[in-house]
file start-v5.pdb (PDB, C-alpha atoms, pLDDT in the B column)
ATOM      1  CA  MET A   1      42.723  38.731 -36.343  1.00 56.00           C
ATOM      2  CA  PHE A   2      45.106  41.455 -35.215  1.00 62.00           C
ATOM      3  CA  ASN A   3      45.590  40.309 -31.624  1.00 71.00           C
ATOM      4  CA  ASP A   4      49.368  40.189 -31.886  1.00 79.00           C
ATOM      5  CA  ILE A   5      49.880  43.730 -33.230  1.00 80.00           C
ATOM      6  CA  GLY A   6      51.049  46.192 -30.588  1.00 86.00           C
ATOM      7  CA  GLY A   7      50.497  49.942 -30.424  1.00 86.00           C
ATOM      8  CA  LEU A   8      53.930  50.824 -31.791  1.00 91.00           C
ATOM      9  CA  GLU A   9      53.481  48.451 -34.733  1.00 91.00           C
ATOM     10  CA  LEU A  10      50.071  49.948 -35.492  1.00 85.00           C
ATOM     11  CA  VAL A  11      51.523  53.473 -35.487  1.00 91.00           C
ATOM     12  CA  ALA A  12      54.305  52.311 -37.818  1.00 92.00           C
ATOM     13  CA  LEU A  13      51.726  50.835 -40.215  1.00 89.00           C
ATOM     14  CA  VAL A  14      49.709  54.072 -40.246  1.00 88.00           C
ATOM     15  CA  ILE A  15      52.825  56.151 -40.947  1.00 91.00           C
ATOM     16  CA  LEU A  16      53.868  53.744 -43.691  1.00 92.00           C
ATOM     17  CA  ALA A  17      50.376  53.933 -45.263  1.00 89.00           C
ATOM     18  CA  VAL A  18      50.461  57.742 -45.217  1.00 89.00           C
ATOM     19  CA  LEU A  19      53.914  57.737 -46.828  1.00 91.00           C
ATOM     20  CA  ILE A  20      52.962  55.237 -49.548  1.00 92.00           C
ATOM     21  CA  PHE A  21      49.474  56.478 -50.485  1.00 89.00           C
ATOM     22  CA  GLY A  22      49.650  60.079 -49.321  1.00 89.00           C
ATOM     23  CA  PRO A  23      47.154  61.861 -47.090  1.00 87.00           C
ATOM     24  CA  ASP A  24      44.869  62.678 -50.047  1.00 91.00           C
ATOM     25  CA  LYS A  25      44.403  59.125 -51.347  1.00 91.00           C
ATOM     26  CA  LEU A  26      44.469  57.317 -47.989  1.00 89.00           C
ATOM     27  CA  PRO A  27      40.687  57.623 -47.225  1.00 90.00           C
ATOM     28  CA  LYS A  28      39.854  56.243 -50.687  1.00 93.00           C
ATOM     29  CA  VAL A  29      42.268  53.320 -50.204  1.00 91.00           C
ATOM     30  CA  ILE A  30      40.722  52.532 -46.809  1.00 90.00           C
ATOM     31  CA  GLN A  31      37.207  52.577 -48.322  1.00 94.00           C
ATOM     32  CA  ASP A  32      38.295  50.291 -51.157  1.00 94.00           C
ATOM     33  CA  ALA A  33      39.927  47.860 -48.713  1.00 92.00           C
ATOM     34  CA  ALA A  34      36.806  47.814 -46.522  1.00 95.00           C
ATOM     35  CA  ARG A  35      34.593  47.230 -49.565  1.00 97.00           C
ATOM     36  CA  PHE A  36      36.873  44.368 -50.708  1.00 96.00           C
ATOM     37  CA  ILE A  37      36.751  42.696 -47.272  1.00 96.00           C
ATOM     38  CA  ARG A  38      32.951  43.066 -47.193  1.00 97.00           C
ATOM     39  CA  ARG A  39      32.664  41.383 -50.629  1.00 97.00           C
ATOM     40  CA  ILE A  40      34.912  38.521 -49.533  1.00 96.00           C
ATOM     41  CA  ARG A  41      32.733  37.962 -46.447  1.00 95.00           C
ATOM     42  CA  GLU A  42      29.538  38.013 -48.514  1.00 96.00           C
ATOM     43  CA  PHE A  43      31.056  35.562 -51.001  1.00 96.00           C
ATOM     44  CA  SER A  44      32.094  33.283 -48.147  1.00 90.00           C
ATOM     45  CA  GLU A  45      28.636  33.364 -46.536  1.00 90.00           C
ATOM     46  CA  ASN A  46      26.953  32.665 -49.897  1.00 92.00           C
ATOM     47  CA  ALA A  47      29.284  29.726 -50.483  1.00 89.00           C
ATOM     48  CA  LYS A  48      28.469  28.333 -47.034  1.00 85.00           C
ATOM     49  CA  GLN A  49      24.728  28.665 -47.663  1.00 85.00           C
ATOM     50  CA  ASP A  50      25.062  26.941 -51.057  1.00 87.00           C
ATOM     51  CA  ILE A  51      26.990  24.047 -49.535  1.00 84.00           C
ATOM     52  CA  ARG A  52      24.441  23.660 -46.720  1.00 81.00           C
ATOM     53  CA  SER A  53      21.529  23.659 -49.182  1.00 84.00           C
ATOM     54  CA  GLU A  54      23.279  21.073 -51.380  1.00 86.00           C
ATOM     55  CA  LEU A  55      24.024  18.754 -48.451  1.00 81.00           C
ATOM     56  CA  GLY A  56      20.360  18.450 -47.568  1.00 80.00           C
ATOM     57  CA  PRO A  57      18.218  18.700 -44.444  1.00 80.00           C
ATOM     58  CA  GLU A  58      20.261  16.188 -42.414  1.00 78.00           C
ATOM     59  CA  PHE A  59      23.170  18.669 -42.395  1.00 75.00           C
ATOM     60  CA  LYS A  60      21.148  21.753 -41.482  1.00 73.00           C
ATOM     61  CA  ASP A  61      23.132  22.271 -38.254  1.00 74.00           C
ATOM     62  CA  PHE A  62      26.488  21.645 -39.959  1.00 74.00           C
ATOM     63  CA  GLU A  63      29.174  24.162 -39.037  1.00 77.00           C
ATOM     64  CA  PHE A  64      32.362  24.546 -41.011  1.00 76.00           C
ATOM     65  CA  GLU A  65      34.281  24.885 -37.743  1.00 77.00           C
ATOM     66  CA  ASP A  66      33.446  21.187 -37.217  1.00 72.00           C
ATOM     67  CA  LEU A  67      35.880  20.359 -40.006  1.00 77.00           C
ATOM     68  CA  ASN A  68      38.656  21.164 -37.549  1.00 81.00           C
ATOM     69  CA  PRO A  69      39.455  17.724 -36.042  1.00 83.00           C
ATOM     70  CA  LYS A  70      39.764  19.037 -32.482  1.00 83.00           C
ATOM     71  CA  ALA A  71      36.405  20.812 -32.615  1.00 79.00           C
ATOM     72  CA  PHE A  72      34.704  17.814 -34.258  1.00 76.00           C
ATOM     73  CA  ILE A  73      35.979  15.341 -31.664  1.00 78.00           C
ATOM     74  CA  ARG A  74      35.096  17.674 -28.784  1.00 77.00           C
ATOM     75  CA  LYS A  75      31.557  18.084 -30.138  1.00 76.00           C
ATOM     76  CA  GLN A  76      31.108  14.339 -30.602  1.00 74.00           C
ATOM     77  CA  LEU A  77      32.399  13.584 -27.109  1.00 72.00           C
ATOM     78  CA  ASP A  78      30.065  16.154 -25.552  1.00 71.00           C
ATOM     79  CA  GLN A  79      27.044  14.622 -27.290  1.00 70.00           C
ATOM     80  CA  ASN A  80      27.828  11.033 -26.291  1.00 67.00           C
ATOM     81  CA  GLU A  81      25.571   9.950 -23.393  1.00 68.00           C
ATOM     82  CA  GLU A  82      27.854   7.105 -22.287  1.00 68.00           C
ATOM     83  CA  LEU A  83      30.709   9.535 -21.816  1.00 69.00           C
ATOM     84  CA  LYS A  84      28.496  11.857 -19.767  1.00 69.00           C
ATOM     85  CA  GLU A  85      27.734   8.944 -17.445  1.00 73.00           C
ATOM     86  CA  LEU A  86      31.434   8.127 -17.295  1.00 72.00           C
ATOM     87  CA  LYS A  87      32.247  11.732 -16.340  1.00 72.00           C
ATOM     88  CA  GLU A  88      29.654  11.595 -13.563  1.00 75.00           C
ATOM     89  CA  LEU A  89      31.096   8.325 -12.281  1.00 74.00           C
ATOM     90  CA  ARG A  90      34.607   9.720 -12.486  1.00 73.00           C
ATOM     91  CA  SER A  91      33.671  12.866 -10.564  1.00 72.00           C
ATOM     92  CA  SER A  92      32.024  10.789  -7.817  1.00 74.00           C
ATOM     93  CA  PHE A  93      35.236   8.790  -7.255  1.00 73.00           C
ATOM     94  CA  ASP A  94      37.370  10.373  -4.516  1.00 72.00           C
ATOM     95  CA  PHE A  95      40.908   9.502  -5.555  1.00 75.00           C
ATOM     96  CA  LYS A  96      42.598  11.270  -2.632  1.00 79.00           C
ATOM     97  CA  LYS A  97      40.558   9.281  -0.138  1.00 79.00           C
ATOM     98  CA  GLU A  98      41.454   6.004  -1.830  1.00 80.00           C
ATOM     99  CA  VAL A  99      45.153   6.889  -1.945  1.00 84.00           C
ATOM    100  CA  SER A 100      45.166   7.895   1.719  1.00 84.00           C
ATOM    101  CA  GLU A 101      43.523   4.590   2.664  1.00 84.00           C
ATOM    102  CA  VAL A 102      46.131   2.637   0.720  1.00 84.00           C
ATOM    103  CA  ALA A 103      48.952   4.700   2.252  1.00 84.00           C
ATOM    104  CA  ASP A 104      47.546   4.105   5.739  1.00 84.00           C
ATOM    105  CA  ALA A 105      47.366   0.379   5.079  1.00 83.00           C
ATOM    106  CA  VAL A 106      50.965   0.312   3.840  1.00 83.00           C
ATOM    107  CA  ASN A 107      52.264   2.429   6.735  1.00 82.00           C
ATOM    108  CA  GLY A 108      50.232   0.505   9.302  1.00 76.00           C
ATOM    109  CA  THR A 109      48.511   3.597  10.679  1.00 77.00           C
ATOM    110  CA  GLU A 110      44.876   3.918  11.597  1.00 70.00           C
ATOM    111  CA  PRO A 111      42.659   4.740   8.614  1.00 60.00           C
ATOM    112  CA  ASP A 112      40.135   6.546  10.870  1.00 56.00           C
ATOM    113  CA  VAL A 113      42.350   9.664  11.032  1.00 49.00           C
ATOM    114  CA  PRO A 114      42.082  11.689   7.812  1.00 50.00           C
ATOM    115  CA  VAL A 115      45.334  12.869   6.240  1.00 47.00           C
ATOM    116  CA  SER A 116      44.366  16.548   6.515  1.00 50.00           C
ATOM    117  CA  ALA A 117      43.594  16.219  10.245  1.00 48.00           C
ATOM    118  CA  ALA A 118      47.113  15.080  11.165  1.00 47.00           C
ATOM    119  CA  ALA A 119      49.328  17.580  12.928  1.00 47.00           C
ATOM    120  CA  PRO A 120      51.520  19.539  10.521  1.00 49.00           C
ATOM    121  CA  GLY A 121      54.799  18.756  12.266  1.00 47.00           C
ATOM    122  CA  SER A 122      54.128  15.121  13.025  1.00 48.00           C
ATOM    123  CA  SER A 123      55.445  12.296  10.910  1.00 46.00           C
ATOM    124  CA  SER A 124      55.041   8.562  11.175  1.00 47.00           C
ATOM    125  CA  SER A 125      57.796   6.374  12.572  1.00 51.00           C
ATOM    126  CA  THR A 126      58.381   4.801   9.158  1.00 57.00           C
ATOM    127  CA  GLY A 127      59.420   8.065   7.463  1.00 60.00           C
ATOM    128  CA  PRO A 128      58.062  11.292   6.074  1.00 62.00           C
ATOM    129  CA  ASP A 129      54.525  11.529   4.783  1.00 64.00           C
ATOM    130  CA  LEU A 130      54.924  11.376   1.010  1.00 64.00           C
ATOM    131  CA  LEU A 131      51.326  12.389   0.381  1.00 67.00           C
ATOM    132  CA  LYS A 132      51.667  15.664   2.282  1.00 68.00           C
ATOM    133  CA  LYS A 133      52.520  18.626   0.074  1.00 65.00           C
ATOM    134  CA  ARG A 134      54.658  21.383   1.549  1.00 59.00           C
ATOM    135  CA  VAL A 135      53.153  24.811   1.052  1.00 63.00           C
ATOM    136  CA  THR A 136      56.243  26.990   1.506  1.00 75.00           C
ATOM    137  CA  LEU A 137      59.956  26.469   0.990  1.00 74.00           C
ATOM    138  CA  GLU A 138      62.576  27.066   3.635  1.00 77.00           C
ATOM    139  CA  LYS A 139      64.839  30.119   3.312  1.00 80.00           C
ATOM    140  CA  ASP A 140      67.485  29.638   0.579  1.00 80.00           C
ATOM    141  CA  GLU A 141      65.901  26.301  -0.396  1.00 78.00           C
ATOM    142  CA  ARG A 142      65.584  25.491  -4.089  1.00 78.00           C
ATOM    143  CA  PRO A 143      62.295  24.079  -5.381  1.00 74.00           C
ATOM    144  CA  PRO A 144      62.292  20.370  -6.167  1.00 73.00           C
ATOM    145  CA  PHE A 145      63.411  19.392  -9.651  1.00 73.00           C
ATOM    146  CA  ASP A 146      62.078  16.398 -11.487  1.00 71.00           C
ATOM    147  CA  ALA A 147      64.171  15.543 -14.544  1.00 72.00           C
ATOM    148  CA  ASP A 148      61.499  13.205 -15.882  1.00 76.00           C
ATOM    149  CA  ALA A 149      58.861  15.940 -15.829  1.00 73.00           C
ATOM    150  CA  THR A 150      60.809  18.392 -17.973  1.00 63.00           C
TER     151      THR A 150
END
call {"tool": "encode", "arguments": {"input": "start-v5.pdb", "output": "C-alpha coordinates"}}
result
Amino acid sequence: MFNDIGGLELVALVILAVLIFGPDKLPKVIQDAARFIRRIREFSENAKQDIRSELGPEFKDFEFEDLNPKAFIRKQLDQNEELKELKELRSSFDFKKEVSEVADAVNGTEPDVPVSAAAPGSSSSTGPDLLKKRVTLEKDERPPFDADAT
(Lines of atoms letter the chains of each structure in order from A and count residues from 1; the text may use other names and numbers.)
(Lines give C-alpha, C1' and ligand atoms only; values in the text may rest on other atoms or scores of the structure.)
Protein backbone atom coordinates (compact mmCIF):
# COMPACT_ATOMS: atom_id res chain seq x y z
CA MET A 1 0.00 0.00 0.00
CA PHE A 2 2.80 2.41 0.85
CA ASN A 3 5.44 1.05 -1.52
CA ASP A 4 6.06 4.39 -3.19
CA ILE A 5 6.69 6.41 -0.01
CA GLY A 6 10.37 7.08 0.65
CA GLY A 7 12.13 7.64 3.96
CA LEU A 8 12.19 11.42 3.66
CA GLU A 9 8.47 11.53 2.86
CA LEU A 10 7.71 9.31 5.86
CA VAL A 11 9.71 11.60 8.16
CA ALA A 12 7.85 14.61 6.76
CA LEU A 13 4.50 12.91 7.46
CA VAL A 14 5.51 12.12 11.05
CA ILE A 15 6.62 15.71 11.66
CA LEU A 16 3.41 17.02 10.12
CA ALA A 17 1.33 14.68 12.33
CA VAL A 18 3.17 15.85 15.45
CA LEU A 19 2.62 19.49 14.48
CA ILE A 20 -1.09 19.03 13.72
CA PHE A 21 -2.14 16.75 16.60
CA GLY A 22 0.58 17.48 19.14
CA PRO A 23 2.71 14.94 20.96
CA ASP A 24 0.03 14.39 23.64
CA LYS A 25 -2.84 13.47 21.31
CA LEU A 26 -0.81 11.65 18.65
CA PRO A 27 -0.92 8.15 20.30
CA LYS A 28 -4.71 8.42 20.68
CA VAL A 29 -5.09 9.46 17.02
CA ILE A 30 -2.94 6.52 15.90
CA GLN A 31 -5.04 4.09 17.99
CA ASP A 32 -8.26 5.51 16.55
CA ALA A 33 -6.93 5.23 12.99
CA ALA A 34 -5.83 1.63 13.58
CA ARG A 35 -9.22 0.76 15.09
CA PHE A 36 -10.99 2.36 12.08
CA ILE A 37 -8.87 0.38 9.59
CA ARG A 38 -9.54 -2.83 11.53
CA ARG A 39 -13.32 -2.19 11.41
CA ILE A 40 -13.19 -1.52 7.67
CA ARG A 41 -11.34 -4.82 7.12
CA GLU A 42 -13.84 -6.74 9.26
CA PHE A 43 -16.74 -5.14 7.38
CA SER A 44 -15.13 -6.06 4.07
CA GLU A 45 -14.54 -9.68 5.11
CA ASN A 46 -18.13 -9.99 6.39
CA ALA A 47 -19.45 -8.59 3.11
CA LYS A 48 -17.35 -11.10 1.15
CA GLN A 49 -18.62 -13.99 3.28
CA ASP A 50 -22.24 -12.84 2.83
CA ILE A 51 -21.84 -12.63 -0.94
CA ARG A 52 -20.23 -16.08 -1.09
CA SER A 53 -23.02 -17.62 1.01
CA GLU A 54 -25.68 -15.97 -1.18
CA LEU A 55 -24.09 -17.18 -4.42
CA GLY A 56 -24.36 -20.81 -3.37
CA PRO A 57 -22.09 -23.85 -3.27
CA GLU A 58 -21.05 -23.63 -6.94
CA PHE A 59 -19.18 -20.39 -6.15
CA LYS A 60 -17.44 -21.61 -3.00
CA ASP A 61 -13.98 -21.04 -4.52
CA PHE A 62 -14.93 -17.62 -5.94
CA GLU A 63 -12.33 -14.93 -5.32
CA PHE A 64 -13.07 -11.26 -5.73
CA GLU A 65 -9.67 -10.81 -7.39
CA ASP A 66 -11.15 -12.83 -10.28
CA LEU A 67 -13.33 -9.84 -11.10
CA ASN A 68 -10.21 -8.18 -12.47
CA PRO A 69 -10.34 -9.10 -16.20
CA LYS A 70 -6.62 -9.89 -16.43
CA ALA A 71 -6.70 -12.22 -13.44
CA PHE A 72 -9.91 -13.92 -14.64
CA ILE A 73 -8.55 -14.58 -18.13
CA ARG A 74 -5.22 -15.82 -16.77
CA LYS A 75 -7.02 -18.23 -14.42
CA GLN A 76 -9.28 -19.52 -17.19
CA LEU A 77 -6.35 -20.03 -19.56
CA ASP A 78 -4.38 -21.93 -16.92
CA GLN A 79 -7.29 -24.30 -16.29
CA ASN A 80 -7.93 -25.07 -19.96
CA GLU A 81 -6.51 -28.51 -20.85
CA GLU A 82 -6.35 -27.81 -24.60
CA LEU A 83 -4.13 -24.82 -23.98
CA LYS A 84 -1.83 -26.88 -21.76
CA GLU A 85 -1.40 -29.33 -24.64
CA LEU A 86 -0.77 -26.42 -26.99
CA LYS A 87 1.92 -25.05 -24.66
CA GLU A 88 3.60 -28.45 -24.57
CA LEU A 89 3.51 -28.68 -28.36
CA ARG A 90 4.82 -25.14 -28.66
CA SER A 91 7.71 -25.81 -26.27
CA SER A 92 8.68 -28.95 -28.21
CA PHE A 93 8.99 -26.97 -31.47
CA ASP A 94 12.57 -25.76 -32.00
CA PHE A 95 12.12 -22.53 -33.92
CA LYS A 96 15.84 -21.73 -34.17
CA LYS A 97 16.55 -25.08 -35.77
CA GLU A 98 13.79 -24.58 -38.33
CA VAL A 99 14.98 -21.07 -39.17
CA SER A 100 18.58 -22.24 -39.57
CA GLU A 101 17.45 -25.01 -41.93
CA VAL A 102 15.50 -22.54 -44.04
CA ALA A 103 18.44 -20.11 -44.07
CA ASP A 104 20.79 -22.91 -45.12
CA ALA A 105 18.45 -23.89 -47.93
CA VAL A 106 18.22 -20.29 -49.15
CA ASN A 107 21.98 -19.71 -48.92
CA GLY A 108 22.78 -23.07 -50.50
CA THR A 109 24.99 -24.21 -47.63
CA GLU A 110 25.06 -27.64 -46.08
CA PRO A 111 22.38 -28.12 -43.42
CA ASP A 112 24.54 -30.69 -41.57
CA VAL A 113 26.66 -27.92 -39.99
CA PRO A 114 24.80 -26.26 -37.10
CA VAL A 115 24.79 -22.46 -37.01
CA SER A 116 26.51 -22.34 -33.61
CA ALA A 117 29.35 -24.60 -34.80
CA ALA A 118 30.44 -22.26 -37.60
CA ALA A 119 33.64 -20.31 -37.07
CA PRO A 120 33.02 -16.87 -35.59
CA GLY A 121 34.92 -14.96 -38.26
CA SER A 122 33.71 -16.91 -41.26
CA SER A 123 30.90 -15.74 -43.48
CA SER A 124 29.29 -17.29 -46.51
CA SER A 125 30.11 -16.11 -50.01
CA THR A 126 26.61 -14.68 -50.43
CA GLY A 127 26.94 -12.14 -47.59
CA PRO A 128 26.94 -11.82 -43.84
CA ASP A 129 25.11 -14.30 -41.66
CA LEU A 130 21.92 -12.47 -40.70
CA LEU A 131 21.00 -15.04 -38.07
CA LYS A 132 24.23 -14.56 -36.12
CA LYS A 133 23.94 -12.06 -33.28
CA ARG A 134 26.99 -9.99 -32.41
CA VAL A 135 27.82 -10.10 -28.73
CA THR A 136 29.95 -6.96 -28.42
CA LEU A 137 30.16 -3.69 -30.30
CA GLU A 138 33.31 -2.30 -31.84
CA LYS A 139 35.00 0.68 -30.17
CA ASP A 140 33.08 3.94 -30.81
CA GLU A 141 30.31 1.98 -32.58
CA ARG A 142 26.71 2.95 -31.87
CA PRO A 143 24.17 0.21 -31.18
CA PRO A 144 21.77 -0.56 -34.01
CA PHE A 145 18.61 1.53 -34.14
CA ASP A 146 15.33 0.23 -35.44
CA ALA A 147 12.82 3.03 -36.05
CA ASP A 148 9.96 0.57 -36.38
CA ALA A 149 10.65 -0.94 -32.96
CA THR A 150 10.44 2.33 -31.05
call {"tool": "atom_distance", "arguments": {"input": "start-v5.pdb", "atom1": "CA of Glu98 in chain A", "atom2": "CA of Thr136 in chain A"}}
result
25.9 Å
call {"tool": "atom_distance", "arguments": {"input": "start-v5.pdb", "atom1": "CA of Asp66 in chain A", "atom2": "CA of Arg41 in chain A"}}
result
19.2 Å
call {"tool": "residues_around", "arguments": {"input": "start-v5.pdb", "residues": "Lys60 in chain A", "least_positions_apart": "3", "cutoff": "12 Å", "atoms": "only C-alpha atoms", "output": "number ranges by chain"}}
result
A: 48-57, 63-64
call {"tool": "atom_distance", "arguments": {"input": "start-v5.pdb", "atom1": "CA of Asp146 in chain A", "atom2": "CA of Phe93 in chain A"}}
result
28.2 Å
